Every structure is written in structure tokens, then in C-alpha cells.
$ cat my_file.json   # JSON, C-alpha atoms
[["chain", "number", "residue", "atom", "x", "y", "z"],
["A", 1, "MET", "CA", 69.67, 40.19, -7.55],
["A", 2, "THR", "CA", 66.37, 38.76, -8.77],
["A", 3, "ASP", "CA", 65.38, 42.14, -10.28],
["A", 4, "ILE", "CA", 68.65, 42.30, -12.24],
["A", 5, "VAL", "CA", 68.22, 38.75, -13.53],
["A", 6, "ALA", "CA", 64.60, 39.51, -14.49],
["A", 7, "LEU", "CA", 65.70, 42.68, -16.32],
["A", 8, "ALA", "CA", 68.39, 40.73, -18.18],
["A", 9, "GLU", "CA", 65.90, 38.05, -19.19],
["A", 10, "ALA", "CA", 63.41, 40.68, -20.40],
["A", 11, "ASN", "CA", 66.09, 42.44, -22.46],
["A", 12, "GLN", "CA", 67.21, 39.13, -23.95],
["A", 13, "ARG", "CA", 63.61, 38.38, -25.00],
["A", 14, "LYS", "CA", 63.40, 41.83, -26.61],
["A", 15, "ALA", "CA", 66.70, 41.24, -28.42],
["A", 16, "ARG", "CA", 65.40, 38.00, -29.90],
["A", 17, "GLU", "CA", 62.22, 39.82, -30.98],
["A", 18, "VAL", "CA", 64.36, 42.44, -32.75],
["A", 19, "ILE", "CA", 66.28, 39.68, -34.56],
["A", 20, "ALA", "CA", 62.98, 38.14, -35.71],
["A", 21, "LYS", "CA", 61.41, 41.47, -36.76],
["A", 22, "LEU", "CA", 64.52, 42.56, -38.64],
["A", 23, "ARG", "CA", 64.90, 39.08, -40.17],
["A", 24, "VAL", "CA", 68.66, 39.09, -39.70],
["A", 25, "VAL", "CA", 69.20, 35.37, -40.20],
["A", 26, "GLU", "CA", 66.91, 35.27, -43.25],
["A", 27, "ALA", "CA", 68.70, 38.21, -44.91],
["A", 28, "TRP", "CA", 72.02, 36.40, -44.70],
["A", 29, "GLU", "CA", 70.61, 33.00, -45.65],
["A", 30, "ALA", "CA", 69.15, 34.62, -48.79],
["A", 31, "VAL", "CA", 72.71, 35.24, -50.02],
["A", 32, "GLY", "CA", 73.93, 31.78, -49.05],
["A", 33, "ALA", "CA", 75.56, 32.76, -45.76],
["A", 34, "GLU", "CA", 75.25, 31.35, -42.24],
["A", 35, "ALA", "CA", 74.59, 33.76, -39.37],
["A", 36, "HIS", "CA", 75.76, 32.65, -35.92],
["A", 37, "LEU", "CA", 74.70, 34.47, -32.77],
["A", 38, "VAL", "CA", 77.72, 35.27, -30.58],
["A", 39, "GLY", "CA", 78.44, 37.55, -27.63],
["A", 40, "SER", "CA", 76.31, 38.43, -24.64],
["A", 41, "LEU", "CA", 72.96, 37.40, -26.09],
["A", 42, "ARG", "CA", 74.31, 33.99, -27.11],
["A", 43, "THR", "CA", 75.67, 33.34, -23.59],
["A", 44, "GLY", "CA", 72.57, 34.66, -21.82],
["A", 45, "LEU", "CA", 74.59, 37.54, -20.36],
["A", 46, "LEU", "CA", 73.04, 40.48, -22.19],
["A", 47, "MET", "CA", 72.06, 43.03, -19.55],
["A", 48, "LYS", "CA", 71.09, 46.62, -20.32],
["A", 49, "HIS", "CA", 73.37, 47.47, -23.27],
["A", 50, "ARG", "CA", 71.15, 46.82, -26.29],
["A", 51, "ASP", "CA", 73.71, 45.18, -28.55],
["A", 52, "ILE", "CA", 73.28, 42.04, -30.65],
["A", 53, "ASP", "CA", 76.28, 40.31, -32.23],
["A", 54, "PHE", "CA", 76.44, 37.94, -35.19],
["A", 55, "HIS", "CA", 79.33, 36.32, -37.01],
["A", 56, "ILE", "CA", 78.46, 35.45, -40.57],
["A", 57, "TYR", "CA", 80.18, 32.99, -42.90],
["A", 58, "SER", "CA", 79.85, 32.27, -46.59],
["A", 59, "SER", "CA", 81.91, 30.21, -48.97],
["A", 60, "PRO", "CA", 83.00, 31.56, -51.27],
["A", 61, "PHE", "CA", 83.11, 35.00, -49.67],
["A", 62, "ARG", "CA", 81.71, 37.59, -52.06],
["A", 63, "LEU", "CA", 81.61, 41.25, -51.13],
["A", 64, "SER", "CA", 78.54, 41.64, -53.34],
["A", 65, "ASP", "CA", 76.68, 39.11, -51.14],
["A", 66, "SER", "CA", 77.57, 41.11, -48.05],
["A", 67, "PHE", "CA", 76.17, 44.27, -49.60],
["A", 68, "ALA", "CA", 73.04, 42.44, -50.81],
["A", 69, "ALA", "CA", 72.26, 41.16, -47.31],
["A", 70, "MET", "CA", 72.76, 44.61, -45.86],
["A", 71, "ALA", "CA", 70.58, 46.19, -48.53],
["A", 72, "ALA", "CA", 67.75, 43.87, -47.48],
["A", 73, "LEU", "CA", 68.26, 44.70, -43.79],
["A", 74, "VAL", "CA", 68.48, 48.49, -44.12],
["A", 75, "ALA", "CA", 65.33, 48.57, -46.27],
["A", 76, "ASP", "CA", 63.42, 48.20, -42.98],
["A", 77, "PRO", "CA", 62.26, 51.72, -42.03],
["A", 78, "ALA", "CA", 63.09, 51.00, -38.38],
["A", 79, "VAL", "CA", 66.79, 50.92, -39.32],
["A", 80, "LYS", "CA", 67.83, 54.49, -38.62],
["A", 81, "ARG", "CA", 71.51, 54.27, -39.60],
["A", 82, "PHE", "CA", 74.20, 51.80, -40.57],
["A", 83, "GLU", "CA", 77.90, 51.67, -41.30],
["A", 84, "GLY", "CA", 80.50, 49.24, -42.52],
["A", 85, "ALA", "CA", 84.24, 48.72, -42.57],
["A", 86, "ASN", "CA", 86.27, 46.67, -45.02],
["A", 87, "LEU", "CA", 88.80, 44.67, -43.01],
["A", 88, "LEU", "CA", 89.34, 41.98, -45.62],
["A", 89, "HIS", "CA", 93.03, 42.85, -45.94],
["A", 90, "THR", "CA", 93.72, 42.68, -42.21],
["A", 91, "PRO", "CA", 94.26, 39.66, -39.93],
["A", 92, "GLU", "CA", 90.51, 39.83, -39.13],
["A", 93, "ALA", "CA", 89.64, 39.07, -42.80],
["A", 94, "CYS", "CA", 86.09, 40.38, -42.56],
["A", 95, "VAL", "CA", 83.63, 43.10, -43.39],
["A", 96, "GLU", "CA", 82.11, 44.70, -40.29],
["A", 97, "TRP", "CA", 78.53, 45.89, -40.50],
["A", 98, "HIS", "CA", 76.70, 47.82, -37.79],
["A", 99, "LEU", "CA", 73.11, 48.99, -37.87],
["A", 100, "TRP", "CA", 70.87, 50.76, -35.39],
["A", 101, "TYR", "CA", 67.27, 49.62, -35.15],
["A", 102, "ASP", "CA", 64.49, 51.62, -33.49],
["A", 103, "ASP", "CA", 62.21, 49.23, -31.65],
["A", 104, "GLY", "CA", 59.43, 51.51, -30.47],
["A", 105, "GLY", "CA", 61.78, 54.15, -29.06],
["A", 106, "GLU", "CA", 64.47, 51.73, -27.87],
["A", 107, "GLU", "CA", 67.58, 51.73, -30.03],
["A", 108, "TRP", "CA", 69.27, 48.38, -30.63],
["A", 109, "GLN", "CA", 72.68, 48.03, -32.22],
["A", 110, "VAL", "CA", 73.17, 44.95, -34.40],
["A", 111, "ASP", "CA", 76.80, 44.08, -35.18],
["A", 112, "MET", "CA", 77.32, 41.66, -38.05],
["A", 113, "ILE", "CA", 80.84, 40.54, -38.83],
["A", 114, "HIS", "CA", 81.02, 38.81, -42.22],
["A", 115, "LEU", "CA", 84.13, 36.63, -42.07],
["A", 116, "VAL", "CA", 86.09, 34.74, -44.68],
["A", 117, "LYS", "CA", 85.72, 31.00, -43.97],
["A", 118, "GLY", "CA", 89.01, 29.52, -42.81],
["A", 119, "SER", "CA", 90.34, 32.86, -41.60],
["A", 120, "ARG", "CA", 91.88, 33.43, -38.17],
["A", 121, "TYR", "CA", 88.58, 34.06, -36.33],
["A", 122, "ASP", "CA", 86.45, 31.49, -38.19],
["A", 123, "GLY", "CA", 84.41, 29.90, -35.38],
["A", 124, "TYR", "CA", 86.59, 31.38, -32.64],
["A", 125, "PHE", "CA", 83.95, 33.51, -30.89],
["A", 126, "GLU", "CA", 81.42, 30.70, -31.15],
["A", 127, "ARG", "CA", 83.90, 28.50, -29.22],
["A", 128, "VAL", "CA", 84.35, 31.29, -26.64],
["A", 129, "ALA", "CA", 80.57, 31.44, -26.12],
["A", 130, "GLU", "CA", 80.30, 27.65, -25.85],
["A", 131, "ARG", "CA", 83.00, 27.53, -23.17],
["A", 132, "ILE", "CA", 81.50, 30.41, -21.18],
["A", 133, "GLU", "CA", 78.12, 28.65, -21.24],
["A", 134, "ALA", "CA", 79.81, 25.42, -20.11],
["A", 135, "VAL", "CA", 81.87, 26.77, -17.20],
["A", 136, "ILE", "CA", 80.03, 29.76, -15.75],
["A", 137, "THR", "CA", 78.54, 29.17, -12.31],
["A", 138, "PRO", "CA", 75.27, 30.74, -11.11],
["A", 139, "TRP", "CA", 77.27, 33.07, -8.81],
["A", 140, "GLN", "CA", 79.50, 34.15, -11.71],
["A", 141, "ARG", "CA", 76.47, 34.72, -13.96],
["A", 142, "GLU", "CA", 74.79, 36.93, -11.35],
["A", 143, "THR", "CA", 78.08, 38.77, -10.72],
["A", 144, "VAL", "CA", 78.57, 39.49, -14.44],
["A", 145, "LEU", "CA", 74.98, 40.74, -14.75],
["A", 146, "ARG", "CA", 75.36, 42.93, -11.66],
["A", 147, "LEU", "CA", 78.65, 44.42, -12.93],
["A", 148, "LYS", "CA", 77.04, 45.15, -16.29],
["A", 149, "TYR", "CA", 74.06, 46.71, -14.53],
["A", 150, "GLU", "CA", 76.32, 48.92, -12.38],
["A", 151, "THR", "CA", 78.39, 50.07, -15.37],
["A", 152, "PRO", "CA", 77.50, 53.67, -16.32],
["A", 153, "ASP", "CA", 75.48, 53.81, -19.54],
["A", 154, "ASP", "CA", 78.10, 55.91, -21.33],
["A", 155, "GLU", "CA", 80.94, 53.48, -20.52],
["A", 156, "LYS", "CA", 81.91, 51.16, -23.40],
["A", 157, "ILE", "CA", 83.15, 47.82, -22.08],
["A", 158, "MET", "CA", 83.46, 44.62, -24.10],
["A", 159, "GLY", "CA", 81.50, 41.69, -22.68],
["A", 160, "ILE", "CA", 84.61, 39.49, -22.71],
["A", 161, "GLU", "CA", 86.22, 41.86, -20.17],
["A", 162, "TYR", "CA", 83.51, 41.07, -17.62],
["A", 163, "TYR", "CA", 83.78, 37.33, -18.24],
["A", 164, "LEU", "CA", 87.56, 37.30, -17.96],
["A", 165, "ALA", "CA", 87.49, 39.38, -14.77],
["A", 166, "VAL", "CA", 84.81, 37.30, -13.07],
["A", 167, "ILE", "CA", 85.46, 33.77, -14.35],
["A", 168, "ARG", "CA", 89.26, 33.79, -14.48],
["A", 169, "ASP", "CA", 90.18, 36.40, -11.87],
["A", 170, "GLY", "CA", 87.31, 36.18, -9.37],
["A", 171, "ILE", "CA", 86.36, 39.88, -9.49],
["A", 172, "ALA", "CA", 83.22, 40.30, -7.38],
["A", 173, "ASP", "CA", 82.28, 44.00, -7.30],
["A", 174, "TYR", "CA", 82.31, 47.05, -9.53],
["A", 175, "PRO", "CA", 85.11, 49.02, -7.77],
["A", 176, "ALA", "CA", 87.38, 45.97, -8.05],
["A", 177, "PHE", "CA", 86.38, 45.60, -11.71],
["A", 178, "VAL", "CA", 87.32, 49.23, -12.42],
["A", 179, "GLN", "CA", 90.74, 48.66, -10.84],
["A", 180, "TRP", "CA", 91.15, 45.38, -12.73],
["A", 181, "ARG", "CA", 90.46, 47.11, -16.06],
["A", 182, "LYS", "CA", 93.14, 49.73, -15.38],
["A", 183, "GLN", "CA", 95.70, 46.93, -15.27],
["A", 184, "GLN", "CA", 94.66, 45.39, -18.61],
["A", 185, "PRO", "CA", 96.04, 46.30, -22.05],
["A", 186, "ALA", "CA", 93.59, 48.52, -23.95],
["A", 187, "ASP", "CA", 92.33, 48.61, -27.55],
["A", 188, "ARG", "CA", 92.77, 44.99, -28.54],
["A", 189, "ILE", "CA", 90.84, 41.88, -29.36],
["A", 190, "ILE", "CA", 90.89, 39.84, -26.18],
["A", 191, "GLU", "CA", 91.72, 36.25, -27.04],
["A", 192, "TRP", "CA", 90.66, 34.14, -24.08],
["A", 193, "ILE", "CA", 88.68, 30.96, -23.84],
["A", 194, "PRO", "CA", 87.84, 29.69, -20.32]]

$ encode --input "my_file.json" --output "C-alpha cells"
Amino acid sequence: MTDIVALAEANQRKAREVIAKLRVVEAWEAVGAEAHLVGSLRTGLLMKHRDIDFHIYSSPFRLSDSFAAMAALVADPAVKRFEGANLLHTPEACVEWHLWYDDGGEEWQVDMIHLVKGSRYDGYFERVAERIEAVITPWQRETVLRLKYETPDDEKIMGIEYYLAVIRDGIADYPAFVQWRKQQPADRIIEWIP
């Protein structure tokens, strides 16, 4: 298990280096927004899937600010592609931005969700991360990292699925996790706070 933990820690250091090189927080602050790290990197559970998640808030929400921050980010020649989705008129009340950053041959995906303050998910995923950090045991942390490590690289699984399976339901190995996932509803935002 030590090798898996060491790999996770190394990848988390690299992720933080990518954030600093890309100047994610600074790009959003320049337009008056706050960028909050969420997801696997925030909880210390990033393993081998190179994905960094931010939730961003500004008040008032201006679409032009969102585009200005992204223009600054994608000006970096290491950003190889990016995409966005306007979900302002949905219950999510946000604009989703995704970019792919080439860090010396390693591709990192940076997901930035620019939310309307006061909307349904304002602060929600930050609270999820805080609770996971507060309740996860060392055994659960190592189990989550091992399950993530054993997941095939082409398999797309949300981090919250691992946490729910391990923390709430006591799943301890990858075959049991695969069976557990088959019993869960698919294609949804999982709303669970431990």
C-alpha cells in the first residue's frame, strides 16, 4: 500500500504545480471571482486520474467575466484544448469550463465550474469535501486510493462514487466495488455528505 500512497502524494504535488503554473486562482481573482478547490485533490484522494476540480463564485455573476478568465487561462501555450457549457438556465446555474494542460507530456484536465452565488450548489461540494476530510479513516483512505489505482484507465468513475462505497457502505475491494456500482443509479449528480 505504501507505493500507492506515495504515487498518490506525488500526483497531488504535480497537480498543485499545474495549478500554480497555469495560474488558475489568479485568473479568476483578476475578474473578481473566488476559486475553491474541490474534489479528489482537495480531499487528498487524487490517485492516477489527472483531474483538478474548482468551483468558482462571483457576485454579481457576469458571463463576460467567465469568458475573460478563460481567455487568460487558454492563452498559455500548454493548454491544448478547452470547452465550455452554458448551464445557467438549469438547476445547476453555472457555466462549466474544461481545459486540458500538457505538463511535459502528461495531460491534466482542469474542470472549473463557475456558479451563480446563492444557487443550489453554492458551497455544496466544498461541504462534501470538508466532511470527507473530517470522517475518513486511514483504512478508508488507503482503500479509496487502492480502488482508484485498480480502476482501468479508460473507466470514468466519479470520485464521490468511491467515497460513498467505501465510507458509507464498507466496500473493501475492486470486484465488490464493480458489483456495488451496478446497483447504483447512473448519470446523475450524487448528493451525499458523510

$ closest_atom_pairs --input "my_file.json" --of "region 53-158 of chain A" --to "region 37-40 of chain A" --cutoff "6 Å" --atoms "all atoms listed in the file" --output "Markdown table"
| residue | atom | partner | partner_atom | distance |
| --- | --- | --- | --- | --- |
| A:Asp53 | CA | A:Val38 | CA | 5.5 |
| A:Phe54 | CA | A:Leu37 | CA | 4.6 |
| A:Glu126 | CA | A:Val38 | CA | 5.9 |

$ closest_residue --input "my_file.json" --among "A:Met158, A:Ala71, A:Ile132, A:Val5" --to "Ile189 (chain A)" --atoms "only C-alpha atoms"
A:Met158

$ atom_distance --input "my_file.json" --atom1 "CA of Leu147 (chain A)" --atom2 "CA of Ala176 (chain A)"
10.1 Å

$ residues_around --input "my_file.json" --residues "Leu145 (chain A)" --least-positions-apart "5" --cutoff "10 Å" --atoms "all atoms listed in the file" --output "list in words"
Met1, Ile4, Val5, Leu7, Ala8, Gly44, Leu45, Leu46, Met47, Lys48, Trp139, Gln140, Glu150, Thr151 and Tyr162 of chain A

$ write_last_selection --input "my_file.json" --atoms "C-alpha atoms" --output "PDB file, in the frame of the given file"
ATOM      1  CA  MET A   1      69.670  40.190  -7.550  1.00  0.00           C
ATOM      2  CA  ILE A   4      68.650  42.300 -12.240  1.00  0.00           C
ATOM      3  CA  VAL A   5      68.220  38.750 -13.530  1.00  0.00           C
ATOM      4  CA  LEU A   7      65.700  42.680 -16.320  1.00  0.00           C
ATOM      5  CA  ALA A   8      68.390  40.730 -18.180  1.00  0.00           C
ATOM      6  CA  GLY A  44      72.570  34.660 -21.820  1.00  0.00           C
ATOM      7  CA  LEU A  45      74.590  37.540 -20.360  1.00  0.00           C
ATOM      8  CA  LEU A  46      73.040  40.480 -22.190  1.00  0.00           C
ATOM      9  CA  MET A  47      72.060  43.030 -19.550  1.00  0.00           C
ATOM     10  CA  LYS A  48      71.090  46.620 -20.320  1.00  0.00           C
ATOM     11  CA  TRP A 139      77.270  33.070  -8.810  1.00  0.00           C
ATOM     12  CA  GLN A 140      79.500  34.150 -11.710  1.00  0.00           C
ATOM     13  CA  GLU A 150      76.320  48.920 -12.380  1.00  0.00           C
ATOM     14  CA  THR A 151      78.390  50.070 -15.370  1.00  0.00           C
ATOM     15  CA  TYR A 162      83.510  41.070 -17.620  1.00  0.00           C
TER      16      TYR A 162
END

$ closest_residue --input "my_file.json" --among "A:Val116, A:Ile56, A:Val25, A:Ala75" --to "Trp97 (chain A)" --atoms "all atoms listed in the file"
A:Ile56

$ closest_residue --input "my_file.json" --among "A:Pro152, A:Gly104, A:Gly159, A:Pro175" --to "Lys14 (chain A)" --atoms "all atoms listed in the file"
A:Gly104

$ closest_residue --input "my_file.json" --among "A:Glu29, A:Tyr174, A:Ser64, A:Asp103" --to "Arg16 (chain A)" --atoms "all atoms listed in the file"
A:Asp103

$ residues_around --input "my_file.json" --residues "Ser58 (chain A)" --least-positions-apart "4" --cutoff "9 Å" --atoms "all atoms listed in the file" --output "PyMOL selection string"
chain A and resi 31-34+62+65+114-117

$ residues_around --input "my_file.json" --residues "Trp192 (chain A)" --least-positions-apart "4" --cutoff "12 Å" --atoms "only C-alpha atoms" --output "list in words"
Tyr124, Phe125, Arg127, Val128, Ala129, Arg131, Ile132, Gly159, Ile160, Glu161, Tyr162, Tyr163, Leu164, Ala165, Ile167, Arg168 and Arg188 of chain A

$ atom_distance --input "my_file.json" --atom1 "CA of Glu107 (chain A)" --atom2 "CA of Val18 (chain A)"
10.2 Å

$ axis_aligned_box --input "my_file.json" --around "region 29-41 of chain A" --padding-each-side "6 Å" --output "lines of an AutoDock Vina configuration file"
center_x = 73.8
center_y = 34.9
center_z = -37.3
size_x = 21.3
size_y = 19.1
size_z = 37.4

$ atom_distance --input "my_file.json" --atom1 "CA of Ala15 (chain A)" --atom2 "CA of Glu83 (chain A)"
20.0 Å

$ residues_around --input "my_file.json" --residues "Thr90 (chain A)" --least-positions-apart "3" --cutoff "12 Å" --atoms "all atoms listed in the file" --output "PyMOL selection string"
chain A and resi 85-87+93-96+115-116+119-121

$ closest_residue --input "my_file.json" --among "A:Asp51, A:Glu142, A:Glu130, A:Asp111" --to "Phe82 (chain A)" --atoms "only C-alpha atoms"
A:Asp111

$ closest_residue --input "my_file.json" --among "A:Ala68, A:Ala78, A:Ile193, A:Ala10" --to "Leu22 (chain A)" --atoms "only C-alpha atoms"
A:Ala78
